[in-house]
Structure formats: structure tokens, C-alpha cells
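Working notes, beginning with the structure itself.
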Amino acid sequence: MLQVDQKELLANKYQEGRERQAEGQLHPAKALYEEVLAVFPQHIETLEMLAVVNAQLGHLDTSVNLLCQVIELNPSRDSAFYYLGYTMCALRQFAAGVECFDKALVLNPDHVQSICDRARALLELGQFEEALRGYDRAIGLRPRDAEAYSYRGNALLALGRRDDAIASFDQSIAIEPSAGAYLNRGNAYQAIGAYQAAVDSYDRAIMLQEGYAMAHSNRSVSLKHLHRLDDAINSSDLATAIDPSYADAHWNRALTQLLKGNLAQGFAGYQRRWEMDNFKSIRRTFKQPQWLGMQTLQSKKLLIHGEQGLGDTIQFSRYAAMAQAAGCHVLYEVEPPLFTLFQSLPGVGTLLRQGDPLPDFDYYCPVMSLPLAFGTDLATVPAASRYLAADKTKLAHWAALLGSKISPRVGLVWSGSPTHQDDHNRSIGLSMFLQKLPAGFEYVSLQKDVRASDLAASQGASNVRHFGEQLLDFSDTAALCELMDLVITVDTSVAHLSGALGVPTWVLLPHLPDWRWLLNRRESPWYPSVRLYRQSKAQHWDDVFLAVANDLFAIGGADTQHLAG
């Protein structure tokens with residue numbers, strides 16, 4: 001048995017360990033706990049604190065093992081289940097974390113931190129409604145919990161309740177101003193398009209927490225939306241100076257450089273995409289080396305493969321001819337909807353569908369890395385008047401379906417994929433689209449799929465011809481595009497297809513367009529046949545459609561007077 005003075009000595013060491021831990025002196029605290037356990041290996045409180053300090057030091061697996069020992073010694077210890085849940089979440093095993101918090105709450109139903117951390121894990125799992133209920137419960141128990149209000153705002157933001165989210169962040173700030181709450185409020189303002197308010201909120205976060213890389217990075221996004229591109233780049237630079245491994249900040253800077261027209265710098269930074277979580281699932285790796293322009297291609301076989309969207313594959317497929325001219329055999333792997341169309345693509349030696357067995361090759365290059373590999377800047381963009389062509393049999397088929405032309409034919413695309421992260425800015429409801437277009441033209445829908453929200457307008461639009469399911473793949477869409485006198489489209493893959501075919505194409509752009517359309521210019525460096533129409537302010541299409549209608553009148557004599565008001 002331990003002597004009384006030895007017990008007192010160990011108790012003092014344990015208490016000193018707690019004090020050192022509270023002061024952030026983690027290694028001394030760990031050493032003190034280990035001294036206690038060397039004499040009393042089953043001292044539950046010390047085992048638990050040693051687990052916590054190991055978690056704080058990043059030794060998460062060790063922490064889990066120690067907490068399991070504590071639970072085995074005392075299955076009724078709610079704090080051990082709480083700390084185990086916390087550590088599982090640090091390991092990004094959020095479902096396991098929720099299970100641990102649930103066990104802690106069975107033992108101690110009103111433990112607010114278990115309730116809050118459980119809700120935070122549910123946020124990570126995408127269970128936003130249940131997370132919100134958790135934060136509401138925590139606030140009911142601890143009404144002045146500023147952190148709970150802040151995370152509650154994140155749950156509301158994820159549910160699309162943006163005004164409620166901002167109110168929750170405001171409540172958090174009113175209780176206790178914190179950098180995290182200001183950052184979250186900035187994110188909410190950014191989500192509703194209040195970009196100056198977002199910048200102001202990020203500035204407050206940075207004032208409260210010097211070296212807040214995420215606030216600088218998110219601030220750069222809002223500045224980009226305000227068209228303050230140099231300031232946006234500076235903000236990204238500050239973020240990466242604080243945290244050189246911060247992939248999102250590098251990515252934001254690259255996109256801003258591209259939007260500004262600094263293509264060489266932008267495409268170099270674009271390589272950082274592979275460090276971001278949302279790109280890891282699409283990254284391809286091969287035993288062969290990646291080609292980024294450093295090795296000679298003479299007498300080599302180069303595999304080019306798609307990676308993101310169909311529009312990207314179409315836009316950058318122009319580089320296949322350049323690769324072939326460098327002396328290599330080009331193997332081009334494309335998405336199945338593009339396979340028939342790309343049989344007309346110059347420079348391709350072997351065309352493959354995604355999923356086909358790959359033949360031998362020497363190098364590979366993702367399609368979005370081709371501009372970097374070929375050293376592209378604004379002066380050297382390979383901008384052929386056309387580099388794709390519709391199949392002649394398909395052209396004849398669609399010409400017969402369309403019949404005789406009695407007025408100029410205009411192809412229309414008003415919406416893109418609803419899953420695109422910027423779809424709410426780039427797509428337009430069909431009813432608005434039709435209201436703004438003048439009479440005197442034969443309008444033809446180039447869209448295969450019509451959204452449920454557009455069905456009524458589509459079915460009631462006698463002046464628009466729809467072919468829908470008859471558009472089997474992009475070779476059909478290409479043939480239909482080639483039979484148009486003009487294509488009017490929002491920023492979707494059809495804009496790239498029509499431009500690559502050399503068809504006159506008018507692209508309708510939001511106030512902050514995708515980087516490839518640059519800013520403040522009417523023409524595209526990538527497509528000679530494309531004309532750009534830009535919003536003068538976010539979410540306002542009236543000026544865009546008035547300009548389109550006036551230009552249509554100039555080429556077709558249509559009446560546009562009804563649009564003037």
C-alpha cells in the first residue's frame with residue numbers, strides 16, 4: 001500500500017500536471033502524469049488527463065488507447081466518453097465520435113460540451129437539422145454560450161437559412177466577440193452576395209486573431225467578387241505567408257490570377273488543386289510520370305485525360321494538335337458523351353472512352369494541366385477559329401428534322417448543371433429568358449434536360465423548338481449547333497462546344513464570371529466566334545438581355561422596343 005506521504009506527493013504531482021496543462025506546458029504536464037502512473041498505473045483521473053494531453057500533442061491513437069483503459073476501469077465515467085468522442089472527431093471519425101458523445105450524455109444528460117461537440121460532429125456528417133437541434137438544446141442549458149451560437153449559425157447557413165445564420169452570429173458576437181464568429185459571419189455574408197459586409201467581417205476576425213490564415217483566404221474570395229483583384233491576390237498572399245501549406249489560399253490566388261489574365265502564374269498555381277479535398281477523388285495516378293512540358297515528346301506516347309467537367313475537356317482539347325506537333329502519339333481519354341464528337345479532333349492518335357483499358361504510354365497529362373505544360377499566356381493562347389466539327393451524317397439528320405429555315409435560327413441554353421457550385425449565379429429561369437428575347441427568330445433549345453422549375457415555361461413556349469431526349473450525346477448537340485445562325489447560352493459546356501465549332505456564340509455571364517472569361521472584355525481570347533455579355537451588377541440580367549436584344553435587332557430586324565422599360 002502507498003504511504004500517506006507518497007499519496008500526497010502523487011496528488012501534488014497530478015495537480016501540478018493539471019496546472020502546467022492549463023498553462024499550455026504540455027510536455028512537462030505529460031511527464032508529471034507519467035510519474036504518477038509509474039507508481040499508480042490505474043489512477044483514473046491521471047490516465048484521463050494523460051489521454052487529453054496526448055490528444056493536445058497530436059498523439060491521437062495513444063489518447064484513444066488510454067481513454068479505452070479508463071472506460072474499462074470505470075464504464076460510468078461520462079468525461080472519458082466525452083474525451084473519447086472529441087479524439088475520434090480529431091481523427092475525423094465523426095460517426096464514432098457521435099456514438100461516444102451519446103454514451104456520455106446517457107450518463108450526464110445536461111453536459112453542454114458533449115451536446116455542442118456532438119452537434120459539431122453532426123455538421124461534419126451533413127446532418128444539419130439534428131445539429132441545429134443540438135445547438136438549440138445547448139443554448140437552452142447555457143443561454144450565453146457564444147460558441148454555441150456561432151456553430152448554430154453554421155448549421156443554419158448549411159440549411160440555406162442565411163438571414164437566420166447571420167442573426168445567430170450576431171448573437172454570438174454580442175455575447176463575446178471572437179475571431180471565429182466574425183469569420184463565420186463573413187462566410188454567411190459571402191453566401192448571400194453581401195461581399196463588402198463579408199470583407200468587413202473578415203477584417204474584424206483578423207483584428208482579433210493575428211495570423212488568421214482562413215480569414216485572409218476567405219476575404220480574398222469576397223474581394224474577387226468586388227472585382228478588387230489585386231487586393232484579393234494580396235489577401236491570398238497573406239494567407240499563404242502565414243500557412244504555406246494552405247491549399248485553398250493558393251487555389252484562390254491562382255483563380256484570381258487567371259481571371260486577371262495572368263495566365264502563366266495562374267496555371268502554375270492551378271496545380272495546387274490536387275492538394276484540395278474536393279479534388280482528391282478525381283485525381284488519377286499512374287506509374288508513368290506526369291508531363292508538364294519539361295521532357296521531350298518526340299517519339300513518345302502521351303495520355304491526355306479529362307478530369308473535371310465536359311466544358312473543360314472541350315476547351316483544352318485544342319492542345320492535342322500541339323502535342324502531336326511536338327512529335328508524340330496522343331492517346332486522348334474522354335468522357336463517354338464526348339467520344340463520338342471527338343473523333344473529329346485534330347491531333348488524336350488514339351481516342352478512348354473513360355473506363356476503356358489503357359494501352360501503353362510514356363507520359364500522362366490531365367487536360368487542365370495542358371496550358372501550363374505548353375507555357376500558355378494571353379499572347380500565346382491557341383485560338384483556332386474552329387477545332388471541332390459535327391459529323392456529316394448527324395448534320396443531315398438534324399437538318400431534315402429542322403426543315404426549311406424561314407427566319408434566323410438561334411440556339412438557346414439557359415441553365416447548366418444544378419449541382420455546379422455557382423449554378424445560382426450562372427443559370428437563368430426559362431420564363432425570364434423567353435420574356436427578354438425578341439420575336440422574329442426561330443428559337444431552338446439546345447438543352448437535353450429541362451429542370452422541373454422550367455417545365456411549365458417549356459411546354460407553353462410555342463416559339464421554342466425542343467428536341468430533348470433526341471439529343472443522344474454531344475455529337476447531336478454539335479450538329480444542332482452547326483445548323484444555328486447564332487447560339488445564345490449561359491456559361492455551360494455548350495458555350496465551349498459552340499465556340500470550338502466556330503459558330504457565332506453569345507455567352508451571358510454573371511457579374512463575377514468563371515476565370516476563363518476574364519473581366520471587362522467583349523471578346524474571348526479562347527474562341528474567336530464568341531461574344532461576351534456581362535452583368536453590370538450581381539444577380540441583375542436586365543442590362544444583359546437589353547444588349548442581347550439590341551444586337552439581335554441589328555442582325556435580324558426584330559422589334560426590341562418592349563424591352564426598353
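In the C-alpha cells, the first chain shown is A, the next is B, and so on; residue numbers restart at 1 for each chain, and ligands run from 1 in the order shown.
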(message) Please list as a PyMOL selection string every residue within 9 Å of Asp362 (chain A), counting only C-alpha atoms and excluding residues in the same chain fewer than 4 positions away.
(response) chain A and resi 288-290+300-303
(request) Please provide the set of residues having any atom within 7 Å of region 187-190 of chain A, restricted to only C-alpha atoms, with same-chain residues fewer than 2 positions apart removed, written as JSON, numbers by chain. (result) {"A": [157, 162, 165, 166, 183, 184, 185, 192, 193, 194, 195, 197, 198, 222]}
(request) Give me, please, the distance in Å between CA of Leu351 (chain A) and CA of Tyr332 (chain A), quoted to one decimal. (result)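 We find that CA of Leu351 (chain A) and CA of Tyr332 (chain A) lie 5.0 Å from each other.
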(request) Excluding region 85-101 of chain A and residues on its chain fewer than 6 positions from it, collect all residues at most 12 Å away from it, counting only C-alpha atoms, and give them as number ranges by chain. (result) A: 51-68, 71, 75, 77-79, 107-127, 130-131, 134
Region 38-146 of chain A residues near region 169-180 of chain A within 10 Å, closest pair each, using only C-alpha atoms, as JSON lines:
{"residue": "A:Pro143", "atom": "CA", "partner": "A:Ile175", "partner_atom": "CA", "distance": 9.7}
{"residue": "A:Arg144", "atom": "CA", "partner": "A:Ile175", "partner_atom": "CA", "distance": 6.4}
{"residue": "A:Asp145", "atom": "CA", "partner": "A:Ser172", "partner_atom": "CA", "distance": 7.5}
{"residue": "A:Ala146", "atom": "CA", "partner": "A:Ser172", "partner_atom": "CA", "distance": 4.3}
Next, dump the selected residues to file, keeping only N, CA and C atoms, as a PDB file, in the first residue's frame.
ATOM      1  N   PRO A 143     -27.535  29.751 -21.875  1.00  0.00           N
ATOM      2  CA  PRO A 143     -28.025  30.774 -22.819  1.00  0.00           C
ATOM      3  C   PRO A 143     -26.971  31.756 -23.313  1.00  0.00           C
ATOM      4  N   ARG A 144     -25.882  31.902 -22.592  1.00  0.00           N
ATOM      5  CA  ARG A 144     -24.863  32.868 -23.025  1.00  0.00           C
ATOM      6  C   ARG A 144     -23.611  32.148 -23.541  1.00  0.00           C
ATOM      7  N   ASP A 145     -23.851  31.049 -24.250  1.00  0.00           N
ATOM      8  CA  ASP A 145     -22.749  30.285 -24.845  1.00  0.00           C
ATOM      9  C   ASP A 145     -22.472  30.843 -26.237  1.00  0.00           C
ATOM     10  N   ALA A 146     -21.491  31.729 -26.321  1.00  0.00           N
ATOM     11  CA  ALA A 146     -21.200  32.400 -27.589  1.00  0.00           C
ATOM     12  C   ALA A 146     -20.784  31.406 -28.672  1.00  0.00           C
TER      13      ALA A 146
END
(message) I'd like the interatomic distance between CA of Pro382 (chain A) and CA of Met294 (chain A), to a tenth of an Å.
(response)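 It comes out at 19.4 Å.
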(request) Find the residues near region 312-324 of chain A: any atom within 9 Å, counting only C-alpha atoms, skip ones fewer than 2 places away on the same chain, and give them as number ranges by chain. (result) A: 297, 302, 304-310, 326-332, 334-335, 338, 342, 345-349, 367-368, 370-371, 374, 382-384, 387-388, 493, 496-497, 499-500, 526
Please provide the set of residues having any atom within 12 Å of Ala400 (chain A), restricted to only C-alpha atoms, with same-chain residues fewer than 5 positions apart removed, written as a CSV table (one decimal) with N, CA and C atoms, in the first residue's frame.
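Output file out.csv is given in full below:
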chain,number,residue,atom,x,y,z
A,393,THR,N,-23.2,12.9,-91.2
A,393,THR,CA,-24.5,12.1,-91.1
A,393,THR,C,-25.4,12.7,-90.1
A,394,LYS,N,-24.9,13.2,-89.0
A,394,LYS,CA,-25.7,13.8,-87.9
A,394,LYS,C,-26.2,15.2,-88.4
A,395,LEU,N,-25.4,15.9,-89.2
A,395,LEU,CA,-25.8,17.2,-89.7
A,395,LEU,C,-27.0,17.0,-90.7
A,405,LYS,N,-35.7,26.7,-93.4
A,405,LYS,CA,-35.5,27.9,-92.5
A,405,LYS,C,-36.2,29.1,-93.1
A,479,ALA,N,-24.1,18.9,-84.0
A,479,ALA,CA,-24.8,19.1,-85.3
A,479,ALA,C,-25.9,20.1,-85.2
A,480,LEU,N,-26.6,20.1,-84.1
A,480,LEU,CA,-27.7,21.2,-84.0
A,480,LEU,C,-27.1,22.6,-83.9
A,483,LEU,N,-26.1,24.0,-87.2
A,483,LEU,CA,-27.2,24.4,-88.0
A,483,LEU,C,-27.8,25.7,-87.6
(message) Among region 422-562 of chain A, which residues does DSSP mark as strand (DSSP E or B) when it is run on the backbone? Keep the chain and numbering as in the structure and answer as number ranges by chain.
(response) A: 442-445, 464-465, 486-490, 505-509, 523, 530-534
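CA of Ala390 (chain A) lies 7.1 Å from CA of Glu482 (chain A).
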Counting only C-alpha atoms, what are the residues of region 366-483 of chain A within 9 Å of region 268-285 of chain A, and for each of them which pair of atoms is the nearest and at what distance in Å, to one decimal? Sort the table by chain and rising number, as a tab-separated table.
residue	atom	partner	partner_atom	distance
A:Pro366	CA	A:Arg284	CA	8.2
A:Met368	CA	A:Tyr270	CA	8.5
A:Ser369	CA	A:Gln271	CA	7.2
A:Leu372	CA	A:Ala268	CA	6.2
What would the file look like if the residues just selected were written as a tab-separated table (two decimals), in the first residue's frame with N, CA and C atoms?
chain	number	residue	atom	x	y	z
A	366	PRO	N	-3.20	15.54	-67.17
A	366	PRO	CA	-4.61	15.92	-67.03
A	366	PRO	C	-4.91	17.11	-67.94
A	368	MET	N	-6.52	19.82	-67.74
A	368	MET	CA	-6.41	21.19	-67.23
A	368	MET	C	-4.97	21.60	-66.95
A	369	SER	N	-4.04	20.66	-67.08
A	369	SER	CA	-2.62	21.00	-66.92
A	369	SER	C	-1.94	21.29	-68.26
A	372	LEU	N	-0.46	24.87	-68.78
A	372	LEU	CA	0.81	25.05	-68.07
A	372	LEU	C	1.93	24.35	-68.83
(request) Looking only at helix (DSSP H, G or I) from DSSP on the backbone, list the matching residues of region 8-253 of chain A as a PyMOL selection string. (result) chain A and resi 8-22+26-39+44-56+60-73+78-90+94-107+112-124+128-141+146-158+162-175+179-191+195-208+213-225+229-242+247-253
(message) If we count only C-alpha atoms and set the cut-off at 8 Å, which residues sit around Val444 (chain A), ignoring sequence neighbours fewer than 4 positions away in its own chain? Please answer as a list in words.
(response) Arg409, Val410, Gly411, Leu412, Val464, Arg465 and His466 of chain A
File dump, residues just selected, C-alpha atoms, as a PDB file, in the first residue's frame:
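The resulting file, result_32.pdb, is shown below:
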ATOM      1  CA  ARG A 409     -32.151  30.287 -86.189  1.00  0.00           C
ATOM      2  CA  VAL A 410     -30.951  30.938 -82.650  1.00  0.00           C
ATOM      3  CA  GLY A 411     -29.955  28.097 -80.336  1.00  0.00           C
ATOM      4  CA  LEU A 412     -30.679  28.633 -76.643  1.00  0.00           C
ATOM      5  CA  VAL A 464     -39.060  27.493 -78.978  1.00  0.00           C
ATOM      6  CA  ARG A 465     -38.459  24.093 -80.524  1.00  0.00           C
ATOM      7  CA  HIS A 466     -37.406  21.353 -78.100  1.00  0.00           C
TER       8      HIS A 466
END
(request) Please provide as a PyMOL selection string all residues within 7 Å of Val36 (chain A), with the sequence filter that same-chain residues fewer than 4 positions apart are discarded (counting only C-alpha atoms). (result) chain A and resi 10+13-14+32+40
Quick one: write out the picked residues with N, CA and C atoms as an mmCIF file, in the first residue's frame?
data_model
loop_
_atom_site.group_PDB
_atom_site.id
_atom_site.type_symbol
_atom_site.label_atom_id
_atom_site.label_comp_id
_atom_site.auth_asym_id
_atom_site.auth_seq_id
_atom_site.Cartn_x
_atom_site.Cartn_y
_atom_site.Cartn_z
ATOM 1 N N LEU A 10 2.070 12.166 -4.864
ATOM 2 C CA LEU A 10 1.491 11.869 -6.178
ATOM 3 C C LEU A 10 0.331 12.811 -6.477
ATOM 4 N N LYS A 13 1.809 15.991 -7.595
ATOM 5 C CA LYS A 13 2.312 15.903 -8.973
ATOM 6 C C LYS A 13 1.148 15.964 -9.971
ATOM 7 N N TYR A 14 0.063 15.276 -9.656
ATOM 8 C CA TYR A 14 -1.117 15.310 -10.535
ATOM 9 C C TYR A 14 -1.640 16.742 -10.652
ATOM 10 N N LEU A 32 4.741 14.700 -15.808
ATOM 11 C CA LEU A 32 4.232 14.600 -14.435
ATOM 12 C C LEU A 32 3.172 13.508 -14.329
ATOM 13 N N PHE A 40 1.186 4.466 -9.680
ATOM 14 C CA PHE A 40 -0.230 4.142 -9.509
ATOM 15 C C PHE A 40 -0.841 4.006 -10.909
#
(request) Have a look at A:Phe286, A:Ser529, A:Tyr151, A:Gln447 and name the one nearest to Leu358 (chain A); count only C-alpha atoms. (result) A:Phe286
(message) Measuring between only C-alpha atoms, which one of A:Tyr182, A:Phe441, A:Trp517, A:Phe433 shows the shortest distance to Ile555 (chain A)?
(response)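 That would be A:Phe441, the residue with the smallest distance to Ile555 (chain A).
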